[in-house]
Amino acid sequence: MAVLQTERPVRRPHARTSHRRQFTGRTALVLLAFMLPAIVFVGLFTYYPLLSGIQMAFRNYNLNDLSDTSWVGLKNFRTLLHDDMFRGTVKNSVVWVVGSLVPQFLIGFTMALWLRRKFRFRGIYQALVFFPWAVSGFLIGILFRWMFNGEFGVVNDLLMKAHLIDTPVPWLADAKYAMVAVIIANVWYGVTFFAIMILAALQSVPDELYEAAAIDGAGKVRTLFGITIPSIRTTLALTVLLRVIWIFNSPELIFGMTGGGPANATHTVTSYMIQVTQEGDYGRASAMGVMVVFVLILFAIFYLLAIRPRTPRITTRKVAG
Amino acid sequence: MIRSETLAGRIARFGGLGICLLVTVFPLYWILVTSFKDPGAIFAYPLKYWPGDFSLDNYRGLFSQSNFAVFLVNSLIVSTVAAALSTVISLLSAYVLARFEFVSKGAVMGAFLVTQMIPGFIALGSLYILMTKLYLVDSRWGLVLVYVAVSIPLCTVMLRGFFENVPASLEEAAMVDGCSRLSALFRVLVPVMTPGLAASYIFNFVNCWNELFLSVTLLNSDNNKTIPAALNGFISSYNIDWGSMSAAAVLSIVPTMVLFAFASRYIVEGLTAGAVKE
């Protein structure tokens with residue numbers, strides 16, 4: 001899960017208090033004691049394994065044979081780059097991320113626009129469409145594995161009833177369709193996140209802007225591209241960035257739905273990485289992890305540079321809740 | 001004010017929202033229906049969209065043929081304890097980060113935020129080795145410790161956001177009246193922050209309840225497994241017993257859904273707080 005902390009939260013007037021003055025040594029000790037458990041936990045169980053994992057990427061470290069755990073430099077990385085299987089997973093990852101992201105964005109945005117206007121039961125509606133969020137990606141995978149079952153799956157049944165297909169499609173048994181199926185499941189899973197984030201941003205756009213546009217006689221499309229999108233572009237851009245990272249990093253759904261099959265057609269870099277970890281080759285798995293982080297950081301930098309506003313942004317008003 | 005809407009626009013909007021709702025709810029409905037079908041009816045053709053006579057055989061089979069009751073209790077213990085511990089620890093750190101300025105504050109916040117960008121399972125292998133050294137492999141309490149660590153950063157950031165809505169004068173007054181900082185925090189601030197704390201607790205609980213890879217890696221005996229680890233065992237076998245599987249899925253989804261229904265509003269508030277304030 002990611003946090004959208006675009007910048008420091010706006011200070012409320014009463015937040016400026018005497019606490020912010022210089023505090024005494026005794027107070028400092030108390031505060032340190034307050035912080036210590038969090039720092040110890042995160043340090044020991046998150047940062048320590050992370051750092052030792054990074055050095056493992058440069059070692060020959062296989063749990064099945066620990067007789068030689070020597071430093072091997074970039075060997076693990078070279079092996080991977082020449083591994084056809086790994087290259088296949090890179091390609092699959094790109095299809096998986098782009099294929100999931102675009103529909104999620106478009107449907108989520110549309111839903112947010114529909115939800116912008118208040119109506120009775122809107123709260124209940126939002127709570128209902130929010131439900132997939134409470135379910136793990138792994139279980140979503142299992143759910144859709146059952147629905148996309150070639151013989152007894154409800155998806156084929158519905159499509160045949162609607163006369164869209166004549167014979168059942170072997171969704172998860174055929175490499176051609178498997179990726180489509182996992183992407184459909186992932187779109188289902190992630191649409192709400194977009195809808196909620198975009199709706200939250202939409203509610204911060206001042207109504208006066210829309211009134212002015214209406215007076216100027218702007219149509220729906222002009223209003224959308226001239227006012228709505230520019231006003232919330234920061235949220236849109238950050239939501240997309242976080243979703244790319246999140247989708248890329250989430251092998252749970254694929255694990256539950258196809259286990260990477262058939263014939264590795266749905267194996268992504270991260271699901272492959274988990275598999276290699278479970279096989280015990282920690283060196284190669286760590287090398288993959290390092291590459292993943294490196295590529296994601298590069299992507300984030302280029303992306304943030306590309307979307308950097310070139311014209312002064314329309315300032316938006318802060319809205320509570 | 002948004003311009004008034006035509007009848008056609010209204011129909012389109014509610015039609016679209018209706019379809020979205022249908023599509024969202026259907027898979028959940030379908031697994032529920034499947035779980036109540038007679039094991040024979042699951043593979044009957046044509047498919048039945050309504051189970052006909054409700055059968056509890058799948059649920060009975062689940063409890064008689066597997067350790068599901070044990071998995072359920074394990075998941076309950078691990079998630080309850082981990083969520084409670086991480087909420088308390090995050091409350092303390094969020095309080096410090098929300099109310100005070102100090103030199104390394106930016107570094108701490110940065111270190112917390114970075115953990116959200118890097119997927120935890122990248123360090124799965126080295127975490128396993130660390131847990132082996134600590135004799136915490138295949139231990140529910142070991143898993144609790146890891147879950148606490150994983151939950152702290154986001155929970156801290158969320159609670160920090162909620163702290164910003166509470167005036168500092170509140171606990172100052174309590175301290176003037178003779179409260180220590182800790183008792184002021186727990187006696188005065190905690191009651192005011194109940195919605196935020198509940199949301200963080202539920203959020204942590206749901207995440208721990210759903211977590212897959214850490215539990216699969218760190219637990220291996222049947223007495224210690226949590227539900228996701230157990231489900232993973234179910235699907236590893238070549239033939240999936242879809243009746244038991246759907247019953248297991250329903251049982252593992254229901255608790256989190258009920259909790260989410262109560263807290264989703266606050267969770268969204270906590271998560272979007274930073275994003276909306278452009």
# chains A, B, ... in the order shown; residues from 1 in each chain; ligands from 1
call {"tool": "residues_around", "arguments": {"residues": "Ser55 of chain B", "least_positions_apart": "6", "cutoff": "9 Å", "atoms": "only C-alpha atoms", "output": "VMD selection string"}}
result
chain B and resid 35 to 39
call {"tool": "select_by_dssp", "arguments": {"residues": "segment 60-280 of chain A", "states": "alpha helix (DSSP H)", "output": "PyMOL selection string"}}
result
chain A and resi 75-81+84-116+122-129+137-147+154-161+175-202+207-215+220-223+229-231+233-248+252-257+269-279
call {"tool": "closest_residue", "arguments": {"among": "A:Ile229, A:Ile215, A:Val90, A:Val293", "to": "chain B", "atoms": "only C-alpha atoms"}}
result
A:Val293
call {"tool": "residues_around", "arguments": {"residues": "Arg78 of chain A", "least_positions_apart": "5", "cutoff": "10 Å", "atoms": "only C-alpha atoms", "output": "count of residues only"}}
result
4
call {"tool": "closest_residue", "arguments": {"among": "B:Ile77, B:Ala261, B:Ala248, B:Val188", "to": "chain A", "atoms": "only C-alpha atoms"}}
result
B:Ala261
call {"tool": "residues_around", "arguments": {"residues": "segment 140-157 of chain B", "least_positions_apart": "5", "cutoff": "9 Å", "atoms": "only C-alpha atoms", "output": "ChimeraX atom specification"}}
result
/A:1-3,5,38,40-46 /B:74,77-79,81-87,89-95,97,109,111-113,115-116,120,131,134-135,162,200-201,203-204,207-208,211,214-215,218-219,224-226,270-271
